[in-house]
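Chemist: Quick one: the structure is below, questions incoming.
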There are 2 protein chains.
Amino acid sequence: MKPLLVQFAGGETGTWDVLSVEAVVGAQLPRPQRLAISEGDARAATTSALWELRGSTSHQRYVQRAEAEVLRRTQAALGRAEASRAAFIPIRKRDEWWSLAQDERRAIFEDRSQHIASTLRFLPAIARRLHHSRELGEPFDFLTWFEYAEEHTALFDELVGTLRRTEEWKYVDREVELRLARC
Amino acid sequence: MKPLLVQFAGGETGTWDVLSVEAVVGAQLPRPQRLAISEGDARAATTSALWELRGSTSHQRYVQRAEAEVLRRTQAALGRAEASRAAFIPIRKRDEWWSLAQDERRAIFEDRSQHIASTLRFLPAIARRLHHSRELGEPFDFLTWFEYAEEHTALFDELVGTLRRTEEWKYVDREVELRLARC
């Protein structure tokens, strides 16, 4: 439960091969060959990095108790042997989002966009971890990380497509999507 | 609305004289002569600091729209000429708090502890700013800062007394209170 600081470094080293880098909304990130991930104090050697992004895992901001129980039973862990593919998606939301009150953000996030309910069916196949960056003075607000088996690539396409059609996503003003394969 | 990183350095320099340091719950902080506050990239010279604590302002986590409007109309700004007294109160909450779901934390914070409603009457006199530290890997979860005129010292005592009697405060496992006077 303690927050874990995670650094994602795009460069020439790392355990993930970069297959593609797409600017979904807003400015692109330079395309690296590899992505290196380091957790906590174990800072990766990043002399060759084109860019480094940092985020911290944290408590859940919108999930209610009943949803938390369903998520706990449904979610897969990171690091499964079969999960040879991954996606790294840094996201920033507009100031307008951050000036909304908690009940307004919750209403958009779940009541109207069904961020939790509509993505549950993807979660046994697609593991995910959210990292918060906004309070760290980073260029993105969130760094999202997903892992899945190669055979579930189309399912992952469907997951991100579902989210990008929501009202919540109207508040996203920068989004870059990296697809990766374990080296 | 952008998060602002703020550093509080307890040492021999700074614009606030330290009048007292009290460990309310858990371990004490060493008592400095002065407190120096720096915002953003303007890092204070801290060669003499006994300790440095960092936190970031952020969006509101529990406040609903109707409450936000009342708060906006009621709250005083920092830096008022008459506000010659201040308090700096770093707080940490137990892991049990952070593992609660959003609806459970909101119910304790406001429905049962009335953190917002019961403190409104203090806000025209007592200005406050909350800084989030948990995701920065800091020893405290929050750094709270209050400013008020000397004549409102008893009112401030009442404010912190009110909060410390709430159900929310049962989750606080470390709290240190510094009282300060503008140099």
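Quick note on naming: the chains in the structure tokens go A, B, ... in the order shown, residues restart at 1 in each chain, and ligands are numbered from 1 in order of appearance.
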Output the coordinates of chain B after least-squares fitting to chain A on all in-order C-alpha pairs, as a short mmCIF file (atom, residue, chain, number, x, y, z; two decimals) with C-alpha atoms, in the first residue's frame.
Modeler:
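Below is the file selection26.cif, written as the result:
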```cif
data_model
loop_
_atom_site.label_atom_id
_atom_site.label_comp_id
_atom_site.auth_asym_id
_atom_site.auth_seq_id
_atom_site.Cartn_x
_atom_site.Cartn_y
_atom_site.Cartn_z
CA MET B 1 0.02 0.04 0.04
CA LYS B 2 2.99 2.43 0.42
CA PRO B 3 3.42 4.63 -2.65
CA LEU B 4 6.10 3.31 -4.98
CA LEU B 5 8.07 5.76 -7.11
CA VAL B 6 8.61 4.37 -10.61
CA GLN B 7 10.85 5.76 -13.33
CA PHE B 8 10.31 5.04 -17.02
CA ALA B 9 13.35 5.84 -19.17
CA GLY B 10 13.17 5.76 -22.95
CA GLY B 11 16.60 5.17 -24.46
CA GLU B 12 18.92 2.44 -25.71
CA THR B 13 18.65 0.11 -22.72
CA GLY B 14 15.89 -1.65 -20.80
CA THR B 15 13.93 -4.90 -20.85
CA TRP B 16 11.20 -3.72 -23.22
CA ASP B 17 11.60 -3.21 -26.98
CA VAL B 18 9.63 -0.25 -28.30
CA LEU B 19 7.41 -1.37 -31.20
CA SER B 20 5.64 1.95 -31.82
CA VAL B 21 5.14 5.44 -30.41
CA GLU B 22 1.95 7.27 -31.32
CA ALA B 23 0.85 10.77 -30.29
CA VAL B 24 -2.87 10.21 -29.65
CA VAL B 25 -3.53 13.79 -28.49
CA GLY B 26 -1.01 16.65 -28.35
CA ALA B 27 2.77 16.54 -28.68
CA GLN B 28 4.71 13.39 -29.52
CA LEU B 29 7.52 11.87 -27.41
CA PRO B 30 10.78 11.04 -29.23
CA ARG B 31 10.92 7.36 -30.15
CA PRO B 32 13.46 5.33 -28.14
CA GLN B 33 14.70 1.77 -28.94
CA ARG B 34 14.04 0.47 -25.44
CA LEU B 35 12.16 1.31 -22.28
CA ALA B 36 13.81 0.79 -18.87
CA ILE B 37 11.70 0.71 -15.72
CA SER B 38 13.11 1.19 -12.24
CA GLU B 39 11.29 1.22 -8.94
CA GLY B 40 12.01 3.02 -5.69
CA ASP B 41 15.64 3.90 -5.08
CA ALA B 42 16.87 1.51 -7.79
CA ARG B 43 17.36 4.21 -10.37
CA ALA B 44 18.18 2.82 -13.81
CA ALA B 45 21.33 4.02 -15.55
CA THR B 46 19.89 6.60 -17.92
CA THR B 47 22.87 8.25 -19.52
CA SER B 48 21.49 7.24 -22.89
CA ALA B 49 17.88 8.17 -22.17
CA LEU B 50 15.97 10.37 -24.63
CA TRP B 51 13.47 11.07 -21.87
CA GLU B 52 12.61 10.03 -18.31
CA LEU B 53 9.16 10.12 -16.78
CA ARG B 54 8.38 9.51 -13.11
CA GLY B 55 5.18 8.62 -11.29
CA SER B 56 4.10 7.21 -7.96
CA THR B 57 1.56 4.50 -7.25
CA SER B 58 -1.02 5.76 -4.76
CA HIS B 59 -4.35 5.02 -3.11
CA GLN B 60 -7.41 4.88 -5.34
CA ARG B 61 -9.09 8.24 -5.91
CA TYR B 62 -12.56 7.32 -7.22
CA VAL B 63 -13.09 3.62 -6.47
CA GLN B 64 -15.83 2.85 -3.92
CA ARG B 65 -15.76 -0.12 -1.57
CA ALA B 66 -18.00 -2.42 -3.61
CA GLU B 67 -15.99 -1.64 -6.75
CA ALA B 68 -12.72 -2.20 -4.90
CA GLU B 69 -13.81 -5.73 -3.97
CA VAL B 70 -14.75 -6.59 -7.56
CA LEU B 71 -11.49 -5.12 -8.85
CA ARG B 72 -9.46 -7.07 -6.31
CA ARG B 73 -11.02 -10.34 -7.46
CA THR B 74 -10.70 -9.50 -11.16
CA GLN B 75 -7.31 -7.85 -11.63
CA ALA B 76 -4.22 -9.69 -12.84
CA ALA B 77 -0.76 -9.04 -11.42
CA LEU B 78 2.14 -7.53 -13.34
CA GLY B 79 4.99 -9.82 -14.40
CA ARG B 80 3.02 -12.85 -15.66
CA ALA B 81 5.21 -15.09 -17.85
CA GLU B 82 2.69 -15.04 -20.72
CA ALA B 83 2.43 -11.24 -20.72
CA SER B 84 5.05 -10.56 -23.37
CA ARG B 85 3.40 -7.37 -24.61
CA ALA B 86 2.95 -4.06 -22.83
CA ALA B 87 1.72 -0.54 -23.38
CA PHE B 88 2.93 2.63 -21.70
CA ILE B 89 0.48 5.52 -21.99
CA PRO B 90 1.34 8.88 -20.37
CA ILE B 91 -1.74 11.13 -20.08
CA ARG B 92 -2.37 14.75 -19.12
CA LYS B 93 -5.78 16.20 -18.31
CA ARG B 94 -6.90 19.78 -18.85
CA ASP B 95 -6.95 22.33 -16.00
CA GLU B 96 -10.74 22.27 -16.26
CA TRP B 97 -10.70 18.66 -14.99
CA TRP B 98 -8.54 19.52 -12.00
CA SER B 99 -10.74 22.44 -11.01
CA LEU B 100 -13.82 20.19 -10.79
CA ALA B 101 -14.98 19.13 -7.31
CA GLN B 102 -14.63 15.49 -6.23
CA ASP B 103 -18.31 14.65 -6.84
CA GLU B 104 -18.15 16.19 -10.33
CA ARG B 105 -15.04 14.20 -11.26
CA ARG B 106 -16.53 10.97 -9.88
CA ALA B 107 -19.76 11.57 -11.87
CA ILE B 108 -17.81 11.95 -15.11
CA PHE B 109 -15.33 9.15 -14.32
CA GLU B 110 -17.83 6.44 -13.42
CA ASP B 111 -21.51 7.45 -13.56
CA ARG B 112 -21.19 8.78 -17.11
CA SER B 113 -17.97 7.24 -18.49
CA GLN B 114 -18.06 3.90 -16.61
CA HIS B 115 -14.28 3.86 -16.38
CA ILE B 116 -14.44 1.01 -13.85
CA ALA B 117 -17.55 -0.91 -14.95
CA SER B 118 -16.84 -0.92 -18.69
CA THR B 119 -13.21 -2.05 -18.32
CA LEU B 120 -13.76 -4.89 -15.81
CA ARG B 121 -14.17 -7.51 -18.53
CA PHE B 122 -10.66 -6.72 -19.86
CA LEU B 123 -8.89 -7.08 -16.51
CA PRO B 124 -8.31 -10.81 -16.20
CA ALA B 125 -6.34 -10.61 -19.47
CA ILE B 126 -4.82 -7.15 -19.19
CA ALA B 127 -2.86 -6.23 -16.06
CA ARG B 128 -2.50 -2.52 -15.33
CA ARG B 129 -0.83 -0.14 -12.91
CA LEU B 130 -1.48 3.58 -12.53
CA HIS B 131 1.24 6.06 -11.55
CA HIS B 132 0.46 9.63 -10.44
CA SER B 133 2.82 12.31 -11.78
CA ARG B 134 1.00 15.63 -11.41
CA GLU B 135 2.28 16.48 -7.94
CA LEU B 136 5.83 15.51 -8.94
CA GLY B 137 6.07 18.47 -11.33
CA GLU B 138 6.13 16.13 -14.36
CA PRO B 139 4.87 16.92 -17.90
CA PHE B 140 2.09 14.30 -17.64
CA ASP B 141 -0.54 13.77 -14.89
CA PHE B 142 -0.62 9.97 -15.10
CA LEU B 143 1.61 7.21 -16.43
CA THR B 144 -0.43 4.09 -17.18
CA TRP B 145 1.20 0.71 -17.68
CA PHE B 146 -0.46 -2.38 -19.15
CA GLU B 147 0.79 -5.98 -19.67
CA TYR B 148 -0.90 -8.70 -21.72
CA ALA B 149 -0.24 -11.80 -23.82
CA GLU B 150 0.35 -11.20 -27.54
CA GLU B 151 -2.92 -13.00 -28.34
CA HIS B 152 -4.79 -10.30 -26.39
CA THR B 153 -3.52 -7.40 -28.51
CA ALA B 154 -6.93 -6.87 -30.14
CA LEU B 155 -8.55 -6.93 -26.71
CA PHE B 156 -6.15 -4.20 -25.59
CA ASP B 157 -7.03 -2.14 -28.70
CA GLU B 158 -10.67 -2.46 -27.64
CA LEU B 159 -9.93 -1.38 -24.06
CA VAL B 160 -8.18 1.85 -25.06
CA GLY B 161 -10.81 2.48 -27.76
CA THR B 162 -13.58 2.17 -25.15
CA LEU B 163 -11.92 4.66 -22.82
CA ARG B 164 -11.14 7.17 -25.58
CA ARG B 165 -14.80 7.42 -26.53
CA THR B 166 -15.87 8.44 -22.99
CA GLU B 167 -16.81 11.87 -21.65
CA GLU B 168 -13.82 11.57 -19.28
CA TRP B 169 -11.45 11.49 -22.25
CA LYS B 170 -12.68 14.91 -23.45
CA TYR B 171 -10.55 16.25 -20.60
CA VAL B 172 -7.38 14.58 -21.92
CA ASP B 173 -5.19 17.15 -23.68
CA ARG B 174 -2.07 15.04 -24.15
CA GLU B 175 -1.76 11.30 -24.62
CA VAL B 176 1.10 9.28 -26.08
CA GLU B 177 0.89 5.52 -26.60
CA LEU B 178 3.95 3.25 -26.67
CA ARG B 179 3.53 -0.42 -27.56
CA LEU B 180 6.25 -2.74 -26.30
CA ALA B 181 7.50 -6.33 -26.40
CA ARG B 182 9.55 -8.01 -23.70
CA CYS B 183 13.16 -8.39 -24.93
#
```
Chemist: Would you give me, as a PyMOL selection string, the residues in chain A that DSSP reads as strand (DSSP E)?
Modeler: chain A and resi 5-11+16-25+34-39+51-56+85-93+127-132+142-148+172-182
Chemist: Taking the DSSP assignment computed from this structure's backbone, write out as an MDAnalysis selection string all residues of chain A that belong to alpha helix (DSSP H).
Modeler: chainID A and resid 65:74 95:98 102:106 153:164
